[in-house]
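To start, the structure itself, in structure tokens.
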Amino acid sequence: MLRESKDVPSAISFTLNGKPTDHVADPNRSLLKMLREDFEIISPKNGCEPQAQCGCCTVWVNGKPRLSCTMKSTQVSGKDVTTLEGLSKDKQEQISEAFVSCGAVQCGFCIPGFAARGISIVDKNPAPTRSEIVSGLRANLCRCTGYTKIVDAIELYAKMRRGEESADSNGSAADPMAAGVGTSLPKYMGHDSVLGQRKFIDDITIPGMLHGACRFADHPRALVESIDTSAATNVSGVHRVITAADAPGDRYVGLIEQDWPVLVAIGEETRCVGDILAIVVADTDDIAREAVELIDVTYEVRKPLTTPLDALKSDAPKIHPKGNLLSKSAVKRGDTDSGFANCTHVVEHEFSAQRIEHLFLEPESCLVAPVSNGLRVWSPGQGVFDDRRQIAKVLDVPAESIEVELVPNGGAFGGKEDMGIQAQAALAAFLCEKPVKIVLTRPESFRLHPKRHPIDMAFKVGCDAQGKLIAVHARLIGDKGAYASVGAKVLERAAGHACGPYNVEHVDIEALAVYTNNPPCGAMRGFGANQSSFAIETCMDMLAEKVGIDGWEMRWRNILRLGDTFATGQKLDKPFGLEESLLAVKDQFREAKYAGIACGIKNVGIGNGMPDLGKCCLTIEDDETITIRTGFTEMGQGLFTVCVQFAVEVTGLPPKTFNVTTDTRRELDCGQTTASRGTVLAGNAIIDAGAKLKSELDAGKTLADLKGQEYFGNYACEYTTKLGADVENPRTHLTYGFATQVAILNDDGTLKKFIAAHDVGKAINPKLLEGQLEGSVHMGLGYALTEDFICENSEIMMDDINSCGVLRAHHMPEVEVILIEVPDPECPFGAKGVGEIGLVPTAGAVAGALYAFDKTRRFKLPMKEAPAARAIWDKKFKP
């Protein structure tokens, strides 16, 4: 954006981290930018500047916590500014140890802000209650943790400051060998994350680095008639303005369908407001952003297609050459007509699930630098090998000339499977022959990346007099948005999971993915299963009422058991813990005055005829450490931590021996980190590689003897069948996660408690696993009650973080996680992935509890008019 003022820089004096400082400050820049860019202080992060709604940029000014993105740099003249870097050593050690030992670190992007806020809470009140801590965190937002463990950490920090507890008493400094499978090994690089020193892409600088800014489309559907870059090119400090004509290769990329242009050309039609028309490369981010505003684009504006039904009309304009129907997925077993004829009770209704913004706290970013043999890319993506392949395609260079290194990102939840601005940054670096970094603002992030699919569903479900399910008929239509992403697979998954974790003989399900001019939709935690779950779980409750039994009994009579057949036709021939999860919540559900219950199932692994591959390499380094490489992404879920635990368990070596990274330096292409499969596939590969190393160690060799040696591990699940395949024994997935969840309300209909009982196979790291599930519940509750991403005429109506309705700490009820361990024999030490199952049944459980309270059935998400939602809105989302 253009600067609103033309104030000139002025000399200021202030104290920074205890040191008197004289500096020439630009009043047009924020304190956050000044600290990060001029003083290389990276603990305050930029999650939303200038919205002041995430809390990631918290620093102290004259001893009080302030959001540095809202302060002008000149406002600190004569003041004392302190960041986490300037704390005393004992405070740094105590706050970082408290967060790490409590498992309060996931992606880590927001955590320095929470640490700063927590220190302020304890400085003001040395013995705060949990409710006082929660109240003190209102200005800070976390998308990963669900807040429970953050509150635990601040409570522990207060005890440390009072001398009542130490690090040793909380396990983080325990026996370093007690770090294998089943232990709560502290988060990999956790202490650096708490103090803001574990670098994200925006924290990395390279000598001679330039900055890029993108010119986005002004209309969701319009013919681009001209792009005038002359005014932008003439801005002092601008090195180049890049348009589609400058791309040497194929501009169209995509994970499945190659339908997404990294730049829209003159003479082409924009398909959504997230389309990029040009890139400005300049000396600074401020100059690039000023110049990009000067690019003049003329259009022939056309009417957008805003709904799937409109897009499917015979006279609808084609968004893509092949038409507007991306995919149709079908599941058919038995004969639903005869099935319904034999039903005593039948319920039928339409359901609607909304579009959702991922709202990872780290906006999209990428840094690319020319190297001797090509380009080096620092990527936050969920698949570094897919990044490499697509970047090489755009540049028309061999894939081997592109080296991609993962920088563990600040949250993803599926939203970083598709490339963000990796291709644009690579193109800029390639053409300018200099390092280029591009970092999006929050509104730009809203425009660019795919969202959760809004899906309209029509369900008809029938049972016999005792409540035994007989038939399910469902039709689903998903708004794909402008580009394919992985939308065909999302709707395929929604269809395959439409019967929930229940045994149904007669099934007829179809799901369509349809292009519109709305923002693209793609992968997001749950991946279609949670949309279907809301519908089938509500139908289960409606049938239970007709039968005259409660929700728990209805589910007990119908859940899948060993030997039963899942909706896709797959016979479940391995032990699993769905029964145990139901039993674990039975008493609390039945004792509660107002409660709702729901069960969930979610595939682990992509499956459906696609191979699930795990690959790793163990490299013995010269300093006798071991580098673990996989093709999978650490994005807060704790993958790198459990990789160390697998290696410790197999080799017997201590955890400090291992470092973990993901890059393309070894050919370890495993595909995307998706479908809750990272732990399973990486774990199996590490077991394979670790066994080879262990045999050398058992033979008497030492790490000193093995310097330079590499041990590769592989695992492949290649036996799955396509959805609807005409085979005798279909097997659509490697395995499944199962869960039962219960929502309990207060007497006024507000959320009191939420219980999540999950079959996890084997808990590799119980504390991190609990945190994953608590975070999933947090996201699921927002999905059920408050979150939305509204578009009108294909234009985005959400202008800031607060408008998205993501829950803050003071909105959350008590969350109880119950881990059920029924090991899966095909998974590493029995462990299943749990990244997605945690929110699959959540909305259904909440809907059931609300019905128990006011006898109103709700069929549309979010349930904003429910008492539980109104209470949250009354508490507001603003700090």
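In the structure tokens, chains take letters A, B, ... by order of appearance, with residues numbered from 1 within each chain and ligands from 1 in the order shown.
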Contacts of segment 90-92 of chain A at 10 Å or less, counting only C-alpha atoms, minus same-chain residues fewer than 5 places along, as a PDB file with C-alpha atoms, in the first residue's frame?
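In the end it all went to around_36.pdb:
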```
ATOM      1  CA  LEU A  84      12.662 -11.344  24.349  1.00  0.00           C
ATOM      2  CA  GLU A  85      16.278 -10.954  23.226  1.00  0.00           C
ATOM      3  CA  GLU A  97      11.534 -24.282  29.690  1.00  0.00           C
ATOM      4  CA  ALA A  98       7.976 -23.749  30.908  1.00  0.00           C
ATOM      5  CA  ALA A 115       5.770 -15.823  26.039  1.00  0.00           C
ATOM      6  CA  ILE A 119       5.855 -12.793  31.408  1.00  0.00           C
ATOM      7  CA  TYR A 157       6.423 -20.155  34.699  1.00  0.00           C
ATOM      8  CA  MET A 160       9.217 -21.141  38.646  1.00  0.00           C
ATOM      9  CA  ARG A 161       9.460 -17.422  39.365  1.00  0.00           C
ATOM     10  CA  HIS A 191      13.470 -23.518  23.285  1.00  0.00           C
ATOM     11  CA  VAL A 194       9.752 -19.900  22.396  1.00  0.00           C
ATOM     12  CA  LEU A 195      12.358 -17.144  22.326  1.00  0.00           C
TER      13      LEU A 195
END
```
As a ChimeraX atom specification, please: the residues near Gln106 of chain A (cut-off 7 Å, only C-alpha atoms, same-chain neighbours under 2 positions excluded). /A:104,108,144-145,636-638
May I have the residues within 9 Å of Cys56 of chain A as number ranges by chain, using only C-alpha atoms and disregarding those fewer than 6 positions away in the same chain? A: 43-48, 67, 109-114, 140-141, 361
Shell around Gly522 of chain A at 7 Å using only C-alpha atoms, local window under 2 positions removed, as JSON, numbers by chain: {"A": [450, 451, 452, 453, 485, 486, 487, 520, 524]}
Can you write just those residues out, all heavy atoms, as a PDB file, in the first residue's frame?
```
ATOM      1  N   PRO A 450      -5.807 -21.606  -1.140  1.00  0.00           N
ATOM      2  CA  PRO A 450      -7.118 -22.276  -1.139  1.00  0.00           C
ATOM      3  C   PRO A 450      -7.725 -22.371   0.257  1.00  0.00           C
ATOM      4  O   PRO A 450      -7.008 -22.426   1.267  1.00  0.00           O
ATOM      5  CB  PRO A 450      -6.786 -23.676  -1.682  1.00  0.00           C
ATOM      6  CG  PRO A 450      -5.523 -23.506  -2.443  1.00  0.00           C
ATOM      7  CD  PRO A 450      -4.748 -22.451  -1.702  1.00  0.00           C
ATOM      8  N   LYS A 451      -9.051 -22.406   0.303  1.00  0.00           N
ATOM      9  CA  LYS A 451      -9.804 -22.468   1.563  1.00  0.00           C
ATOM     10  C   LYS A 451     -10.412 -23.862   1.752  1.00  0.00           C
ATOM     11  O   LYS A 451     -10.296 -24.732   0.892  1.00  0.00           O
ATOM     12  CB  LYS A 451     -10.929 -21.431   1.562  1.00  0.00           C
ATOM     13  CG  LYS A 451     -10.528 -20.048   1.082  1.00  0.00           C
ATOM     14  CD  LYS A 451      -9.384 -19.451   1.882  1.00  0.00           C
ATOM     15  CE  LYS A 451      -8.920 -18.128   1.301  1.00  0.00           C
ATOM     16  NZ  LYS A 451      -7.639 -17.680   1.876  1.00  0.00           N
ATOM     17  N   ARG A 452     -11.102 -24.034   2.883  1.00  0.00           N
ATOM     18  CA  ARG A 452     -11.907 -25.244   3.059  1.00  0.00           C
ATOM     19  C   ARG A 452     -13.125 -25.166   2.144  1.00  0.00           C
ATOM     20  O   ARG A 452     -13.757 -24.125   2.013  1.00  0.00           O
ATOM     21  CB  ARG A 452     -12.370 -25.377   4.513  1.00  0.00           C
ATOM     22  CG  ARG A 452     -13.100 -26.702   4.752  1.00  0.00           C
ATOM     23  CD  ARG A 452     -13.714 -26.788   6.136  1.00  0.00           C
ATOM     24  NE  ARG A 452     -12.778 -26.775   7.232  1.00  0.00           N
ATOM     25  CZ  ARG A 452     -11.999 -27.783   7.597  1.00  0.00           C
ATOM     26  NH1 ARG A 452     -12.009 -28.910   6.901  1.00  0.00           N
ATOM     27  NH2 ARG A 452     -11.193 -27.684   8.634  1.00  0.00           N
ATOM     28  N   HIS A 453     -13.456 -26.312   1.546  1.00  0.00           N
ATOM     29  CA  HIS A 453     -14.577 -26.339   0.609  1.00  0.00           C
ATOM     30  C   HIS A 453     -15.917 -26.116   1.310  1.00  0.00           C
ATOM     31  O   HIS A 453     -16.247 -26.841   2.265  1.00  0.00           O
ATOM     32  CB  HIS A 453     -14.671 -27.700  -0.080  1.00  0.00           C
ATOM     33  CG  HIS A 453     -13.640 -27.931  -1.136  1.00  0.00           C
ATOM     34  ND1 HIS A 453     -12.319 -28.193  -0.835  1.00  0.00           N
ATOM     35  CD2 HIS A 453     -13.729 -27.935  -2.491  1.00  0.00           C
ATOM     36  CE1 HIS A 453     -11.648 -28.361  -1.968  1.00  0.00           C
ATOM     37  NE2 HIS A 453     -12.473 -28.203  -2.984  1.00  0.00           N
ATOM     38  N   SER A 485      -6.666 -27.392  -7.425  1.00  0.00           N
ATOM     39  CA  SER A 485      -5.958 -27.779  -6.207  1.00  0.00           C
ATOM     40  C   SER A 485      -6.121 -29.290  -6.024  1.00  0.00           C
ATOM     41  O   SER A 485      -5.909 -30.062  -6.954  1.00  0.00           O
ATOM     42  CB  SER A 485      -6.480 -26.976  -5.019  1.00  0.00           C
ATOM     43  OG  SER A 485      -5.824 -27.331  -3.818  1.00  0.00           O
ATOM     44  N   VAL A 486      -6.550 -29.714  -4.850  1.00  0.00           N
ATOM     45  CA  VAL A 486      -6.823 -31.135  -4.617  1.00  0.00           C
ATOM     46  C   VAL A 486      -8.313 -31.360  -4.393  1.00  0.00           C
ATOM     47  O   VAL A 486      -8.728 -32.303  -3.717  1.00  0.00           O
ATOM     48  CB  VAL A 486      -6.003 -31.661  -3.412  1.00  0.00           C
ATOM     49  CG1 VAL A 486      -4.525 -31.688  -3.747  1.00  0.00           C
ATOM     50  CG2 VAL A 486      -6.267 -30.827  -2.159  1.00  0.00           C
ATOM     51  N   GLY A 487      -9.125 -30.485  -4.986  1.00  0.00           N
ATOM     52  CA  GLY A 487     -10.564 -30.511  -4.739  1.00  0.00           C
ATOM     53  C   GLY A 487     -11.242 -31.801  -5.136  1.00  0.00           C
ATOM     54  O   GLY A 487     -12.181 -32.248  -4.457  1.00  0.00           O
ATOM     55  N   PRO A 520     -10.121 -20.187  -4.639  1.00  0.00           N
ATOM     56  CA  PRO A 520      -9.924 -21.631  -4.748  1.00  0.00           C
ATOM     57  C   PRO A 520     -10.120 -22.320  -3.411  1.00  0.00           C
ATOM     58  O   PRO A 520      -9.879 -21.737  -2.346  1.00  0.00           O
ATOM     59  CB  PRO A 520      -8.473 -21.758  -5.218  1.00  0.00           C
ATOM     60  CG  PRO A 520      -8.126 -20.430  -5.776  1.00  0.00           C
ATOM     61  CD  PRO A 520      -8.943 -19.425  -5.039  1.00  0.00           C
ATOM     62  N   MET A 524      -7.774 -28.844   3.636  1.00  0.00           N
ATOM     63  CA  MET A 524      -7.764 -28.293   4.985  1.00  0.00           C
ATOM     64  C   MET A 524      -8.120 -29.407   5.945  1.00  0.00           C
ATOM     65  O   MET A 524      -8.922 -30.287   5.623  1.00  0.00           O
ATOM     66  CB  MET A 524      -8.733 -27.114   5.146  1.00  0.00           C
ATOM     67  CG  MET A 524      -8.577 -26.413   6.488  1.00  0.00           C
ATOM     68  SD  MET A 524      -9.575 -24.910   6.644  1.00  0.00           S
ATOM     69  CE  MET A 524      -9.085 -24.397   8.306  1.00  0.00           C
TER      70      MET A 524
END
```
Would you list the contacts of segment 260-277 of chain A as JSON, numbers by chain, taking every protein, DNA or RNA residue within 7 Å and counting only C-alpha atoms, but skipping same-chain residues closer than 4 positions in sequence? {"A": [214, 215, 216, 217, 218, 219, 220, 221, 222, 223, 224, 225, 226, 227, 243, 244, 245, 251, 252, 253, 254, 319, 423, 424, 447, 448, 482, 483, 517, 518, 519, 795]}
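The shell of residues at most 10 Å from Ile150 of chain A, with only C-alpha atoms counted and near chain neighbours (fewer than 5 positions) removed, consists of Ala98, Phe99, Val100, Cys102, Gly103, Ala104, Val105, Ile111, Phe114, Ala115, Gly118, Ile133, Val134, Leu137, Cys142, Thr145, Glu155, Leu156, Gly771 and Ala809 of chain A.
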If we count only C-alpha atoms and set the cut-off at 9 Å, which residues sit around Tyr502 of chain A, ignoring sequence neighbours fewer than 3 positions away in its own chain? Please answer as JSON, numbers by chain. {"A": [469, 499, 555, 558, 559, 560, 561, 565, 566, 567, 599]}
Quick check for you: according to DSSP on this backbone, which residues of segment 219-268 of chain A are classed as helix (DSSP H, G or I)? Reply as a VMD selection string. chain A and resid 230 to 233 244 to 246
Of A:Val238, A:Val368, A:Ala25, A:Ala116, the one sitting nearest Val59 of chain A when using only C-alpha atoms is A:Ala116
